[in-house]
Amino acid sequence: MKIAIVYQSLTGNTKAVAEAIREAVSKQEIVWFGEPGEPVEADLYLVGSWTDKGLCHEGTAAYLKSLRGKKIGYFGTAGFGGSQEYYDMLFQRIKSLIDGSNRILGCYYCQGKMPQSVRQRYEKLSQENPEDAKAQASLENFDRALSHPDAQDLEGAKKWAQDMVALGE
């Protein structure tokens with residue numbers, strides 16, 4: 001099976017997940033590993049991005065929109081790691097970008113650390129509004145995210161990738 005692993009990473013989180021995926025499917029022929037670039041033919045496309053305002057990076061969005069008649073698995077990282085329901089909502093948004101001629105095999109999301117500038121913004125909000133529970137919760141989430149993607153997240157990505165290969169056969 002020929003596999004393209006196409007991803008964009010801002011802080012290294014999605015790259016770490018992509019590398020775990022590459023390791024998990026290394027027995028397959030990997031015809032592309034990296035950012036969206038020249039068109040490549042594969043049997044399975046594993047496409048990933050960091051979460052940008054509730055969606056994926058615009059380059060990833062354009063790549064997903066360009067695919068026709070392909071088997072696709074989507075993976076992503078998000079600073080907010082609140083719940084599976086949140087990840088499911090993000091994936092619904094991603095699915096809206098993908099042409100109906102494609103076969104979507106599934107998705108994998110995990111939390112990822114965020115840039116320090118995000119914490120500074122949360123700190124400012126918390127200082128300006130000390131009674132704001134949402135600002136405090138955002139700070140706590142930021143601090144939890146610092147250790148992600150962790151070993152458990154990467155093992156989950158490997159298992160998911162192997163499942164995608166099995167579904168794509």
# chains A, B, ... in the order shown; residues from 1 in each chain; ligands from 1
call {"tool": "select_by_dssp", "arguments": {"residues": "region 67-152 of chain A", "states": "alpha helix (DSSP H)", "output": "PyMOL selection string"}}
result
chain A and resi 84-95+116-128+133-145+151-152
call {"tool": "write_last_selection", "arguments": {"atoms": "N, CA, C and O atoms", "output": "compact mmCIF listing (two decimals), in the first residue's frame"}}
result
# COMPACT_ATOMS: atom_id res chain seq x y z
N GLN A 84 -13.77 14.34 24.03
CA GLN A 84 -13.96 13.69 22.73
C GLN A 84 -15.02 14.43 21.93
O GLN A 84 -14.92 14.53 20.71
N GLU A 85 -16.02 14.96 22.62
CA GLU A 85 -17.08 15.72 21.93
C GLU A 85 -16.49 16.93 21.20
O GLU A 85 -16.90 17.26 20.09
N TYR A 86 -15.51 17.58 21.83
CA TYR A 86 -14.84 18.72 21.20
C TYR A 86 -14.10 18.25 19.94
O TYR A 86 -14.21 18.87 18.88
N TYR A 87 -13.36 17.15 20.06
CA TYR A 87 -12.64 16.63 18.90
C TYR A 87 -13.61 16.23 17.79
O TYR A 87 -13.34 16.45 16.61
N ASP A 88 -14.73 15.62 18.17
CA ASP A 88 -15.74 15.24 17.18
C ASP A 88 -16.29 16.46 16.45
O ASP A 88 -16.51 16.42 15.23
N MET A 89 -16.50 17.55 17.19
CA MET A 89 -16.99 18.79 16.57
C MET A 89 -15.95 19.34 15.58
O MET A 89 -16.30 19.75 14.47
N LEU A 90 -14.68 19.30 15.97
CA LEU A 90 -13.62 19.75 15.05
C LEU A 90 -13.61 18.90 13.79
O LEU A 90 -13.50 19.42 12.67
N PHE A 91 -13.75 17.58 13.96
CA PHE A 91 -13.71 16.69 12.80
C PHE A 91 -14.91 16.93 11.88
O PHE A 91 -14.77 16.84 10.66
N GLN A 92 -16.06 17.25 12.43
CA GLN A 92 -17.21 17.57 11.58
C GLN A 92 -16.89 18.76 10.67
O GLN A 92 -17.28 18.78 9.50
N ARG A 93 -16.18 19.72 11.22
CA ARG A 93 -15.77 20.89 10.41
C ARG A 93 -14.80 20.47 9.31
O ARG A 93 -14.89 20.94 8.18
N ILE A 94 -13.87 19.59 9.65
CA ILE A 94 -12.90 19.11 8.67
C ILE A 94 -13.62 18.35 7.56
O ILE A 94 -13.33 18.53 6.37
N LYS A 95 -14.55 17.48 7.95
CA LYS A 95 -15.28 16.69 6.96
C LYS A 95 -16.00 17.56 5.94
O LYS A 95 -16.14 17.19 4.77
N GLN A 116 3.63 30.22 24.00
CA GLN A 116 3.60 30.98 25.25
C GLN A 116 2.76 32.26 25.11
O GLN A 116 2.16 32.72 26.08
N SER A 117 2.66 32.81 23.91
CA SER A 117 1.87 34.01 23.69
C SER A 117 0.40 33.78 24.04
O SER A 117 -0.30 34.70 24.46
N VAL A 118 -0.07 32.54 23.89
CA VAL A 118 -1.45 32.22 24.23
C VAL A 118 -1.63 32.33 25.75
O VAL A 118 -2.61 32.89 26.23
N ARG A 119 -0.66 31.81 26.51
CA ARG A 119 -0.76 31.91 27.97
C ARG A 119 -0.75 33.37 28.41
O ARG A 119 -1.49 33.76 29.31
N GLN A 120 0.08 34.16 27.78
CA GLN A 120 0.14 35.58 28.13
C GLN A 120 -1.20 36.26 27.89
O GLN A 120 -1.63 37.09 28.68
N ARG A 121 -1.88 35.88 26.82
CA ARG A 121 -3.20 36.44 26.54
C ARG A 121 -4.19 36.00 27.63
O ARG A 121 -4.98 36.81 28.12
N TYR A 122 -4.14 34.73 28.02
CA TYR A 122 -5.02 34.24 29.08
C TYR A 122 -4.72 34.92 30.41
O TYR A 122 -5.63 35.24 31.18
N GLU A 123 -3.43 35.14 30.70
CA GLU A 123 -3.06 35.82 31.95
C GLU A 123 -3.63 37.23 31.98
O GLU A 123 -4.15 37.68 33.00
N LYS A 124 -3.53 37.92 30.87
CA LYS A 124 -4.05 39.28 30.79
C LYS A 124 -5.56 39.30 31.02
O LYS A 124 -6.08 40.13 31.78
N LEU A 125 -6.27 38.37 30.38
CA LEU A 125 -7.72 38.27 30.57
C LEU A 125 -8.07 37.99 32.03
O LEU A 125 -9.00 38.58 32.60
N SER A 126 -7.29 37.11 32.65
CA SER A 126 -7.53 36.75 34.04
C SER A 126 -7.27 37.93 34.97
O SER A 126 -8.00 38.15 35.93
N GLN A 127 -6.24 38.71 34.67
CA GLN A 127 -5.92 39.88 35.49
C GLN A 127 -6.97 40.97 35.33
O GLN A 127 -7.35 41.63 36.30
N GLU A 128 -7.46 41.13 34.12
CA GLU A 128 -8.47 42.16 33.86
C GLU A 128 -9.84 41.76 34.43
O GLU A 128 -10.64 42.64 34.76
N ALA A 133 -14.30 32.80 35.45
CA ALA A 133 -13.92 31.40 35.60
C ALA A 133 -13.39 30.83 34.29
O ALA A 133 -12.52 29.95 34.30
N LYS A 134 -13.87 31.32 33.16
CA LYS A 134 -13.42 30.83 31.86
C LYS A 134 -11.93 31.16 31.64
O LYS A 134 -11.18 30.33 31.12
N ALA A 135 -11.53 32.36 32.03
CA ALA A 135 -10.13 32.75 31.88
C ALA A 135 -9.24 31.86 32.74
O ALA A 135 -8.17 31.41 32.30
N GLN A 136 -9.67 31.57 33.96
CA GLN A 136 -8.90 30.68 34.85
C GLN A 136 -8.84 29.27 34.28
O GLN A 136 -7.80 28.62 34.30
N ALA A 137 -9.95 28.79 33.75
CA ALA A 137 -9.99 27.46 33.15
C ALA A 137 -9.06 27.39 31.94
O ALA A 137 -8.40 26.36 31.72
N SER A 138 -9.00 28.46 31.19
CA SER A 138 -8.11 28.51 30.02
C SER A 138 -6.65 28.42 30.45
O SER A 138 -5.85 27.74 29.80
N LEU A 139 -6.30 29.10 31.53
CA LEU A 139 -4.93 29.03 32.06
C LEU A 139 -4.60 27.60 32.51
O LEU A 139 -3.52 27.08 32.22
N GLU A 140 -5.54 26.98 33.19
CA GLU A 140 -5.32 25.61 33.67
C GLU A 140 -5.18 24.65 32.49
O GLU A 140 -4.32 23.76 32.49
N ASN A 141 -5.99 24.82 31.46
CA ASN A 141 -5.89 23.98 30.27
C ASN A 141 -4.54 24.19 29.58
O ASN A 141 -3.90 23.23 29.15
N PHE A 142 -4.10 25.45 29.50
CA PHE A 142 -2.81 25.74 28.88
C PHE A 142 -1.70 24.96 29.59
O PHE A 142 -0.87 24.32 28.94
N ASP A 143 -1.72 25.01 30.92
CA ASP A 143 -0.68 24.33 31.69
C ASP A 143 -0.74 22.81 31.51
O ASP A 143 0.30 22.15 31.41
N ARG A 144 -1.93 22.24 31.43
CA ARG A 144 -2.08 20.80 31.18
C ARG A 144 -1.53 20.43 29.80
O ARG A 144 -0.94 19.36 29.61
N ALA A 145 -1.75 21.32 28.85
CA ALA A 145 -1.35 21.04 27.47
C ALA A 145 0.17 21.02 27.28
O ALA A 145 0.65 20.45 26.30
N ALA A 151 3.45 10.46 25.52
CA ALA A 151 3.67 9.10 25.03
C ALA A 151 2.34 8.40 24.75
O ALA A 151 2.21 7.68 23.74
N GLN A 152 1.36 8.62 25.59
CA GLN A 152 0.05 7.98 25.38
C GLN A 152 -0.61 8.51 24.10
O GLN A 152 -1.19 7.75 23.34
call {"tool": "select_by_dssp", "arguments": {"residues": "region 11-140 of chain A", "states": "strand (DSSP E or B)", "output": "PyMOL selection string"}}
result
chain A and resi 29-34+44-52+55-56+71-78+103-111
call {"tool": "residues_around", "arguments": {"residues": "region 6-19 of chain A", "least_positions_apart": "3", "cutoff": "10 Å", "atoms": "only C-alpha atoms", "output": "PyMOL selection string"}}
result
chain A and resi 3+22-24+32-37+45-52+56-60+63-64+74-79+108-115+148-150+153-158+161
call {"tool": "atom_distance", "arguments": {"atom1": "CA of Arg103 (chain A)", "atom2": "CA of Gly81 (chain A)"}}
result
26.7 Å
call {"tool": "closest_residue", "arguments": {"among": "A:Gln28, A:Gln162, A:Ser66, A:Ser147", "to": "Ser101 (chain A)", "atoms": "only C-alpha atoms"}}
result
A:Ser66
call {"tool": "atom_distance", "arguments": {"atom1": "CA of Gly69 (chain A)", "atom2": "CA of Ala166 (chain A)"}}
result
18.2 Å
call {"tool": "atom_distance", "arguments": {"atom1": "CA of Asn102 (chain A)", "atom2": "CA of Ser83 (chain A)"}}
result
27.2 Å
call {"tool": "residues_around", "arguments": {"residues": "Met164 (chain A)", "least_positions_apart": "6", "cutoff": "9 Å", "atoms": "only C-alpha atoms", "output": "short mmCIF file (atom, residue, chain, number, x, y, z; two decimals) with all heavy atoms, in the first residue's frame"}}
result
data_model
loop_
_atom_site.label_atom_id
_atom_site.label_comp_id
_atom_site.auth_asym_id
_atom_site.auth_seq_id
_atom_site.Cartn_x
_atom_site.Cartn_y
_atom_site.Cartn_z
N LEU A 44 -3.64 5.63 0.25
CA LEU A 44 -4.17 6.15 1.50
C LEU A 44 -3.48 7.47 1.81
O LEU A 44 -2.26 7.57 1.74
CB LEU A 44 -3.93 5.15 2.63
CG LEU A 44 -4.31 5.56 4.05
CD1 LEU A 44 -5.80 5.84 4.17
CD2 LEU A 44 -3.88 4.47 5.04
N LEU A 46 -3.04 10.17 4.79
CA LEU A 46 -3.18 10.51 6.21
C LEU A 46 -2.80 11.97 6.31
O LEU A 46 -1.62 12.33 6.13
CB LEU A 46 -2.29 9.60 7.07
CG LEU A 46 -2.61 8.11 6.94
CD1 LEU A 46 -1.62 7.28 7.75
CD2 LEU A 46 -4.04 7.81 7.35
N ILE A 72 -9.06 8.68 2.90
CA ILE A 72 -8.45 9.70 3.75
C ILE A 72 -8.67 9.40 5.22
O ILE A 72 -9.78 9.08 5.64
CB ILE A 72 -9.05 11.09 3.44
CG1 ILE A 72 -8.85 11.46 1.97
CG2 ILE A 72 -8.45 12.16 4.36
CD1 ILE A 72 -9.62 12.70 1.54
N GLY A 73 -7.61 9.55 6.00
CA GLY A 73 -7.70 9.59 7.45
C GLY A 73 -7.17 10.94 7.89
O GLY A 73 -6.17 11.42 7.34
N LEU A 105 -11.97 7.60 6.31
CA LEU A 105 -11.84 6.40 7.12
C LEU A 105 -11.93 6.68 8.62
O LEU A 105 -12.27 5.79 9.39
CB LEU A 105 -10.51 5.70 6.81
CG LEU A 105 -10.31 5.29 5.34
CD1 LEU A 105 -8.96 4.62 5.17
CD2 LEU A 105 -11.43 4.39 4.88
N GLY A 106 -11.58 7.89 9.04
CA GLY A 106 -11.63 8.21 10.47
C GLY A 106 -10.71 9.36 10.82
O GLY A 106 -10.06 9.94 9.95
N CYS A 107 -10.68 9.65 12.12
CA CYS A 107 -9.84 10.75 12.57
C CYS A 107 -9.18 10.41 13.90
O CYS A 107 -9.64 9.52 14.62
CB CYS A 107 -10.63 12.04 12.72
SG CYS A 107 -11.69 12.11 14.17
#
call {"tool": "closest_residue", "arguments": {"among": "A:Leu67, A:Leu146, A:Ala42, A:Gly54", "to": "Lys2 (chain A)", "atoms": "only C-alpha atoms"}}
result
A:Ala42
